[in-house]
file upload-v5.cif (mmCIF, N, CA and C atoms)
data_start
#
loop_
_atom_site.label_atom_id
_atom_site.label_comp_id
_atom_site.auth_asym_id
_atom_site.auth_seq_id
_atom_site.Cartn_x
_atom_site.Cartn_y
_atom_site.Cartn_z
N MET L 831 0.85 -1.18 0.00
CA MET L 831 0.00 0.00 0.00
C MET L 831 0.89 1.24 0.00
N ALA L 832 0.52 2.24 -0.76
CA ALA L 832 1.34 3.45 -0.88
C ALA L 832 1.16 4.34 0.34
N THR L 833 2.23 5.02 0.71
CA THR L 833 2.14 5.98 1.80
C THR L 833 1.88 7.36 1.22
N PHE L 834 1.19 8.19 1.97
CA PHE L 834 0.82 9.51 1.53
C PHE L 834 1.92 10.51 1.89
N LYS L 835 2.02 11.58 1.10
CA LYS L 835 2.93 12.66 1.43
C LYS L 835 2.29 13.48 2.54
N LEU L 836 2.94 13.55 3.69
CA LEU L 836 2.34 14.15 4.86
C LEU L 836 2.80 15.58 5.06
N HIS L 837 1.88 16.46 5.39
CA HIS L 837 2.22 17.85 5.69
C HIS L 837 2.10 18.15 7.17
N VAL L 838 1.65 17.17 7.96
CA VAL L 838 1.57 17.35 9.41
C VAL L 838 2.28 16.18 10.09
N LYS L 839 2.74 16.44 11.31
CA LYS L 839 3.41 15.43 12.11
C LYS L 839 2.75 15.38 13.48
N LYS L 840 3.15 14.42 14.29
CA LYS L 840 2.64 14.29 15.64
C LYS L 840 3.01 15.54 16.44
N ASP L 841 2.11 16.00 17.30
CA ASP L 841 2.26 17.18 18.17
C ASP L 841 2.16 18.50 17.43
N ASP L 842 1.76 18.50 16.16
CA ASP L 842 1.51 19.75 15.43
C ASP L 842 0.12 20.27 15.81
N MET L 843 -0.04 21.60 15.79
CA MET L 843 -1.36 22.20 15.95
C MET L 843 -1.97 22.33 14.56
N VAL L 844 -3.20 21.85 14.41
CA VAL L 844 -3.86 21.87 13.11
C VAL L 844 -5.25 22.48 13.23
N LYS L 845 -5.77 22.94 12.12
CA LYS L 845 -7.13 23.45 12.03
C LYS L 845 -7.89 22.56 11.06
N VAL L 846 -9.11 22.17 11.42
CA VAL L 846 -9.93 21.32 10.57
C VAL L 846 -10.62 22.20 9.54
N MET L 847 -10.49 21.84 8.27
CA MET L 847 -11.00 22.65 7.19
C MET L 847 -12.30 22.11 6.59
N ALA L 848 -12.66 20.88 6.89
CA ALA L 848 -13.86 20.29 6.31
C ALA L 848 -14.44 19.26 7.26
N GLY L 849 -15.73 19.02 7.14
CA GLY L 849 -16.40 18.01 7.95
C GLY L 849 -17.17 18.62 9.10
N LYS L 850 -17.65 17.78 9.99
CA LYS L 850 -18.50 18.25 11.09
C LYS L 850 -17.73 19.06 12.12
N GLU L 851 -16.40 18.95 12.16
CA GLU L 851 -15.57 19.69 13.11
C GLU L 851 -14.91 20.91 12.46
N LYS L 852 -15.44 21.39 11.35
CA LYS L 852 -14.84 22.47 10.58
C LYS L 852 -14.63 23.72 11.43
N GLY L 853 -13.43 24.30 11.34
CA GLY L 853 -13.10 25.51 12.07
C GLY L 853 -12.46 25.29 13.42
N LYS L 854 -12.48 24.07 13.94
CA LYS L 854 -11.90 23.79 15.26
C LYS L 854 -10.41 23.47 15.13
N THR L 855 -9.68 23.68 16.21
CA THR L 855 -8.25 23.42 16.22
C THR L 855 -7.92 22.40 17.29
N GLY L 856 -6.79 21.73 17.12
CA GLY L 856 -6.35 20.75 18.10
C GLY L 856 -4.96 20.24 17.77
N LYS L 857 -4.43 19.43 18.68
CA LYS L 857 -3.09 18.87 18.53
C LYS L 857 -3.18 17.47 17.95
N VAL L 858 -2.27 17.15 17.03
CA VAL L 858 -2.25 15.83 16.40
C VAL L 858 -1.70 14.81 17.40
N LEU L 859 -2.48 13.77 17.65
CA LEU L 859 -2.06 12.71 18.57
C LEU L 859 -1.37 11.57 17.84
N ARG L 860 -1.94 11.15 16.70
CA ARG L 860 -1.38 10.03 15.94
C ARG L 860 -1.51 10.32 14.46
N VAL L 861 -0.59 9.76 13.68
CA VAL L 861 -0.61 9.90 12.23
C VAL L 861 -0.52 8.49 11.64
N PHE L 862 -1.38 8.21 10.66
CA PHE L 862 -1.38 6.93 9.95
C PHE L 862 -0.98 7.19 8.50
N PRO L 863 0.32 7.11 8.15
CA PRO L 863 0.76 7.48 6.81
C PRO L 863 0.21 6.57 5.72
N THR L 864 0.05 5.28 6.01
CA THR L 864 -0.42 4.37 4.97
C THR L 864 -1.90 4.57 4.67
N LYS L 865 -2.66 5.02 5.65
CA LYS L 865 -4.09 5.24 5.45
C LYS L 865 -4.42 6.70 5.12
N GLY L 866 -3.45 7.61 5.34
CA GLY L 866 -3.69 9.02 5.07
C GLY L 866 -4.66 9.64 6.06
N ARG L 867 -4.53 9.26 7.34
CA ARG L 867 -5.45 9.73 8.36
C ARG L 867 -4.69 10.22 9.59
N VAL L 868 -5.32 11.11 10.35
CA VAL L 868 -4.74 11.62 11.59
C VAL L 868 -5.79 11.58 12.69
N VAL L 869 -5.33 11.51 13.93
CA VAL L 869 -6.19 11.61 15.10
C VAL L 869 -5.85 12.91 15.79
N VAL L 870 -6.87 13.78 15.96
CA VAL L 870 -6.67 15.09 16.56
C VAL L 870 -7.30 15.09 17.94
N GLU L 871 -6.62 15.69 18.89
CA GLU L 871 -7.03 15.68 20.29
C GLU L 871 -8.40 16.34 20.47
N SER L 872 -9.30 15.64 21.11
CA SER L 872 -10.67 16.07 21.47
C SER L 872 -11.50 16.54 20.28
N LEU L 873 -11.22 16.03 19.09
CA LEU L 873 -12.04 16.30 17.91
C LEU L 873 -12.46 14.98 17.27
N ASN L 874 -13.58 15.01 16.56
CA ASN L 874 -14.14 13.83 15.88
C ASN L 874 -14.39 12.70 16.88
N LEU L 875 -15.08 13.03 17.97
CA LEU L 875 -15.34 12.06 19.03
C LEU L 875 -16.44 11.10 18.61
N VAL L 876 -16.24 9.81 18.91
CA VAL L 876 -17.23 8.77 18.66
C VAL L 876 -17.47 8.03 19.97
N LYS L 877 -18.64 7.42 20.08
CA LYS L 877 -18.96 6.66 21.28
C LYS L 877 -18.67 5.19 21.02
N ARG L 878 -17.93 4.59 21.94
CA ARG L 878 -17.54 3.20 21.83
C ARG L 878 -18.20 2.43 22.97
N HIS L 879 -18.97 1.43 22.63
CA HIS L 879 -19.64 0.59 23.64
C HIS L 879 -18.68 -0.52 24.03
N THR L 880 -18.24 -0.51 25.30
CA THR L 880 -17.26 -1.49 25.76
C THR L 880 -17.92 -2.44 26.75
N ARG L 881 -17.48 -3.65 26.71
CA ARG L 881 -18.01 -4.66 27.62
C ARG L 881 -17.01 -4.85 28.75
N PRO L 882 -17.47 -5.20 29.93
CA PRO L 882 -16.55 -5.40 31.06
C PRO L 882 -15.56 -6.54 30.81
N THR L 883 -14.30 -6.31 31.16
CA THR L 883 -13.26 -7.34 31.05
C THR L 883 -12.55 -7.45 32.39
N GLN L 884 -11.58 -8.36 32.47
CA GLN L 884 -10.83 -8.50 33.71
C GLN L 884 -9.94 -7.27 33.96
N LEU L 885 -9.46 -6.65 32.89
CA LEU L 885 -8.61 -5.46 33.06
C LEU L 885 -9.43 -4.25 33.46
N LYS L 886 -10.61 -4.09 32.83
CA LYS L 886 -11.50 -2.97 33.15
C LYS L 886 -12.86 -3.56 33.52
N PRO L 887 -13.11 -3.73 34.83
CA PRO L 887 -14.36 -4.38 35.24
C PRO L 887 -15.61 -3.57 34.93
N GLU L 888 -15.46 -2.24 34.79
CA GLU L 888 -16.63 -1.44 34.46
C GLU L 888 -16.76 -1.32 32.95
N GLY L 889 -17.90 -1.62 32.43
CA GLY L 889 -18.17 -1.46 31.01
C GLY L 889 -18.87 -0.14 30.80
N GLY L 890 -19.43 0.05 29.62
CA GLY L 890 -20.20 1.25 29.38
C GLY L 890 -19.84 1.90 28.06
N ILE L 891 -20.24 3.16 27.96
CA ILE L 891 -20.02 3.92 26.74
C ILE L 891 -18.84 4.87 26.96
N VAL L 892 -17.83 4.75 26.12
CA VAL L 892 -16.61 5.55 26.23
C VAL L 892 -16.51 6.43 24.99
N GLU L 893 -16.20 7.72 25.19
CA GLU L 893 -15.97 8.59 24.04
C GLU L 893 -14.49 8.63 23.73
N LYS L 894 -14.14 8.48 22.46
CA LYS L 894 -12.75 8.52 22.06
C LYS L 894 -12.63 9.21 20.71
N GLU L 895 -11.42 9.66 20.39
CA GLU L 895 -11.18 10.33 19.13
C GLU L 895 -11.08 9.32 18.01
N ALA L 896 -11.70 9.62 16.89
CA ALA L 896 -11.61 8.78 15.71
C ALA L 896 -10.69 9.47 14.70
N ALA L 897 -10.16 8.68 13.77
CA ALA L 897 -9.26 9.22 12.76
C ALA L 897 -10.06 9.99 11.71
N MET L 898 -9.43 11.06 11.18
CA MET L 898 -10.04 11.82 10.09
C MET L 898 -9.01 11.93 8.97
N SER L 899 -9.48 12.28 7.79
CA SER L 899 -8.60 12.37 6.64
C SER L 899 -7.58 13.48 6.82
N ILE L 900 -6.37 13.22 6.39
CA ILE L 900 -5.31 14.21 6.52
C ILE L 900 -5.53 15.38 5.57
N ALA L 901 -6.35 15.18 4.55
CA ALA L 901 -6.66 16.25 3.60
C ALA L 901 -7.59 17.28 4.21
N ASN L 902 -8.24 16.96 5.32
CA ASN L 902 -9.19 17.87 5.95
C ASN L 902 -8.55 18.77 7.00
N VAL L 903 -7.24 18.66 7.22
CA VAL L 903 -6.59 19.48 8.23
C VAL L 903 -5.46 20.30 7.60
N MET L 904 -5.22 21.49 8.18
CA MET L 904 -4.12 22.35 7.76
C MET L 904 -3.28 22.70 8.97
N LEU L 905 -1.99 22.79 8.77
CA LEU L 905 -1.05 23.12 9.84
C LEU L 905 -1.21 24.59 10.24
N ILE L 906 -1.20 24.85 11.55
CA ILE L 906 -1.21 26.22 12.04
C ILE L 906 0.24 26.63 12.26
N CYS L 907 0.67 27.68 11.55
CA CYS L 907 2.03 28.18 11.64
C CYS L 907 2.26 28.79 13.02
N SER L 908 3.40 28.49 13.62
CA SER L 908 3.69 29.01 14.96
C SER L 908 4.06 30.48 14.95
N SER L 909 4.57 30.98 13.84
CA SER L 909 4.98 32.39 13.80
C SER L 909 3.85 33.33 13.40
N CYS L 910 3.03 32.95 12.40
CA CYS L 910 1.95 33.85 11.98
C CYS L 910 0.59 33.44 12.56
N SER L 911 0.52 32.32 13.25
CA SER L 911 -0.70 31.81 13.93
C SER L 911 -1.89 31.66 13.01
N GLU L 912 -1.65 31.30 11.75
CA GLU L 912 -2.73 31.06 10.80
C GLU L 912 -2.57 29.69 10.19
N ALA L 913 -3.69 29.11 9.74
CA ALA L 913 -3.65 27.85 9.02
C ALA L 913 -3.13 28.14 7.62
N SER L 914 -2.09 27.43 7.22
CA SER L 914 -1.49 27.72 5.92
C SER L 914 -0.94 26.45 5.29
N ARG L 915 -0.69 26.54 4.00
CA ARG L 915 -0.05 25.44 3.30
C ARG L 915 1.43 25.42 3.68
N THR L 916 2.04 24.26 3.50
CA THR L 916 3.45 24.14 3.82
C THR L 916 4.22 23.67 2.60
N GLY L 917 5.48 24.04 2.56
CA GLY L 917 6.39 23.57 1.54
C GLY L 917 7.59 22.95 2.21
N ILE L 918 8.45 22.34 1.42
CA ILE L 918 9.65 21.72 1.95
C ILE L 918 10.86 22.44 1.37
N ARG L 919 11.77 22.82 2.25
CA ARG L 919 12.96 23.57 1.87
C ARG L 919 14.17 22.78 2.33
N THR L 920 15.22 22.73 1.50
CA THR L 920 16.46 22.07 1.87
C THR L 920 17.46 23.11 2.34
N LEU L 921 18.01 22.90 3.54
CA LEU L 921 18.98 23.84 4.12
C LEU L 921 20.39 23.52 3.64
N GLU L 922 21.36 24.34 4.09
CA GLU L 922 22.75 24.17 3.65
C GLU L 922 23.34 22.83 4.09
N ASP L 923 22.90 22.34 5.25
CA ASP L 923 23.43 21.07 5.76
C ASP L 923 22.64 19.87 5.23
N ASP L 924 21.91 20.05 4.12
CA ASP L 924 21.13 19.00 3.44
C ASP L 924 20.00 18.43 4.28
N SER L 925 19.55 19.17 5.30
CA SER L 925 18.38 18.74 6.06
C SER L 925 17.15 19.40 5.45
N ARG L 926 16.04 18.70 5.51
CA ARG L 926 14.79 19.19 4.93
C ARG L 926 13.87 19.69 6.05
N VAL L 927 13.33 20.88 5.88
CA VAL L 927 12.42 21.46 6.86
C VAL L 927 11.17 21.95 6.16
N ARG L 928 10.07 21.97 6.91
CA ARG L 928 8.82 22.51 6.39
C ARG L 928 8.81 24.02 6.62
N TYR L 929 8.17 24.75 5.70
CA TYR L 929 8.03 26.18 5.89
C TYR L 929 6.62 26.61 5.54
N CYS L 930 6.20 27.71 6.16
CA CYS L 930 4.88 28.28 5.95
C CYS L 930 4.90 29.08 4.66
N LYS L 931 3.92 28.87 3.80
CA LYS L 931 3.89 29.58 2.53
C LYS L 931 3.28 30.97 2.65
N LYS L 932 2.69 31.31 3.82
CA LYS L 932 2.16 32.66 4.02
C LYS L 932 3.24 33.61 4.52
N CYS L 933 3.98 33.20 5.56
CA CYS L 933 4.97 34.10 6.15
C CYS L 933 6.40 33.72 5.80
N ASN L 934 6.59 32.60 5.09
CA ASN L 934 7.90 32.15 4.60
C ASN L 934 8.88 31.82 5.73
N GLU L 935 8.37 31.46 6.90
CA GLU L 935 9.19 31.08 8.05
C GLU L 935 9.23 29.56 8.18
N ASN L 936 10.32 29.04 8.74
CA ASN L 936 10.44 27.60 8.96
C ASN L 936 9.50 27.17 10.07
N VAL L 937 8.79 26.06 9.84
CA VAL L 937 7.90 25.49 10.85
C VAL L 937 8.70 24.58 11.77
N ASP L 938 9.59 23.78 11.21
CA ASP L 938 10.45 22.90 12.00
C ASP L 938 11.66 23.67 12.46
N LYS L 939 11.89 23.68 13.77
CA LYS L 939 13.04 24.39 14.30
C LYS L 939 14.20 23.45 14.51
#

call {"tool": "encode", "arguments": {"input": "upload-v5.cif", "output": "C-alpha cells"}}
result
Amino acid sequence: MATFKLHVKKDDMVKVMAGKEKGKTGKVLRVFPTKGRVVVESLNLVKRHTRPTQLKPEGGIVEKEAAMSIANVMLICSSCSEASRTGIRTLEDDSRVRYCKKCNENVDK
C-alpha cells in the first residue's frame, strides 16, 4: 500500500477545514501514513460501547477520538498563527524542513 505525502506530524497544531468539526483546532495525537489519516485531540469524538473485562471491570459507553482524513486538516504556523499550506525547503546542511507559505518562516526548528 502506498504511503501519503504528509504535511503534518505528531504534536503539530492543526485546524480542521472540512467536515463536522470544521473551524476547530487541536493537537495531532497520531498519524497513519499508509491510510492518510490523523487523530486530533478532542475532535471527531465517537462513542464506543465497551463490555466489562478483567482489566477494566466497568463497562459502558466511552468517548474517544476517531481518525479523520489528513486532507481535511491544515497546519497552524507558529509564527503567523494562521492555518497555511506548507512547503519543503532544503537547508545548507542538506536537512529538509517545512516552511509556511504565508509568512515564509520555517515550521520545523

call {"tool": "residues_around", "arguments": {"input": "upload-v5.cif", "residues": "range 897-913 of chain L", "least_positions_apart": "2", "cutoff": "6 Å", "atoms": "only N, CA and C atoms", "output": "list in words"}}
result
Met843, Val844, Lys845, Val846, Met847, Ala848, Gly866, Arg867, Val868, Val869, Glu895 and Arg915 of chain L

call {"tool": "select_by_dssp", "arguments": {"input": "upload-v5.cif", "residues": "range 867-904 of chain L", "states": "strand (DSSP E)", "output": "number ranges by chain"}}
result
L: 867-870, 875-880, 890-895, 898-899, 903-904

call {"tool": "resolve_selection", "arguments": {"input": "upload-v5.cif", "expression": "the PyMOL selection byres (((chain L and resi 919 and name CA) around 12) and name CA)", "output": "VMD selection string"}}
result
chain L and resid 916 to 918 920 to 931 934 to 938

call {"tool": "atom_distance", "arguments": {"input": "upload-v5.cif", "atom1": "atom N of Asp842 in chain L", "atom2": "atom C of Val876 in chain L"}}
result
22.2 Å

call {"tool": "axis_aligned_box", "arguments": {"input": "upload-v5.cif", "around": "range 919-922 of chain L", "padding_each_side": "5 Å", "output": "JSON"}}
result
{"center_x": 17.6, "center_y": 23.2, "center_z": 2.8, "size_x": 21.6, "size_y": 12.3, "size_z": 12.6}

call {"tool": "closest_residue", "arguments": {"input": "upload-v5.cif", "among": "L:Ala896, L:Ile891, L:Arg860, L:Lys939", "to": "Asn874 in chain L", "atoms": "only N, CA and C atoms"}}
result
L:Ala896

call {"tool": "atom_distance", "arguments": {"input": "upload-v5.cif", "atom1": "CA of Asp841 in chain L", "atom2": "CA of Lys854 in chain L"}}
result
15.9 Å

call {"tool": "residues_near_point", "arguments": {"input": "upload-v5.cif", "point": "(3.5, 8.8, 5.5)", "cutoff": "7 Å", "atoms": "only N, CA and C atoms", "output": "PyMOL selection string"}}
result
chain L and resi 833-836+862-864

call {"tool": "atom_distance", "arguments": {"input": "upload-v5.cif", "atom1": "atom C of Thr855 in chain L", "atom2": "atom N of Lys932 in chain L"}}
result
19.3 Å

call {"tool": "residues_near_point", "arguments": {"input": "upload-v5.cif", "point": "(-11.3, 13.1, 23.0)", "cutoff": "8 Å", "atoms": "only C-alpha atoms", "output": "list in words"}}
result
Glu871, Ser872, Leu873, Asn874, Leu875, Glu893, Lys894 and Glu895 of chain L

call {"tool": "closest_residue", "arguments": {"input": "upload-v5.cif", "among": "L:Ser914, L:Ala832, L:Gln884, L:Val858", "to": "Val870 in chain L", "atoms": "only C-alpha atoms"}}
result
L:Val858

call {"tool": "residues_around", "arguments": {"input": "upload-v5.cif", "residues": "His879 in chain L", "least_positions_apart": "4", "cutoff": "7 Å", "atoms": "only N, CA and C atoms", "output": "ChimeraX atom specification"}}
result
/L:889-892
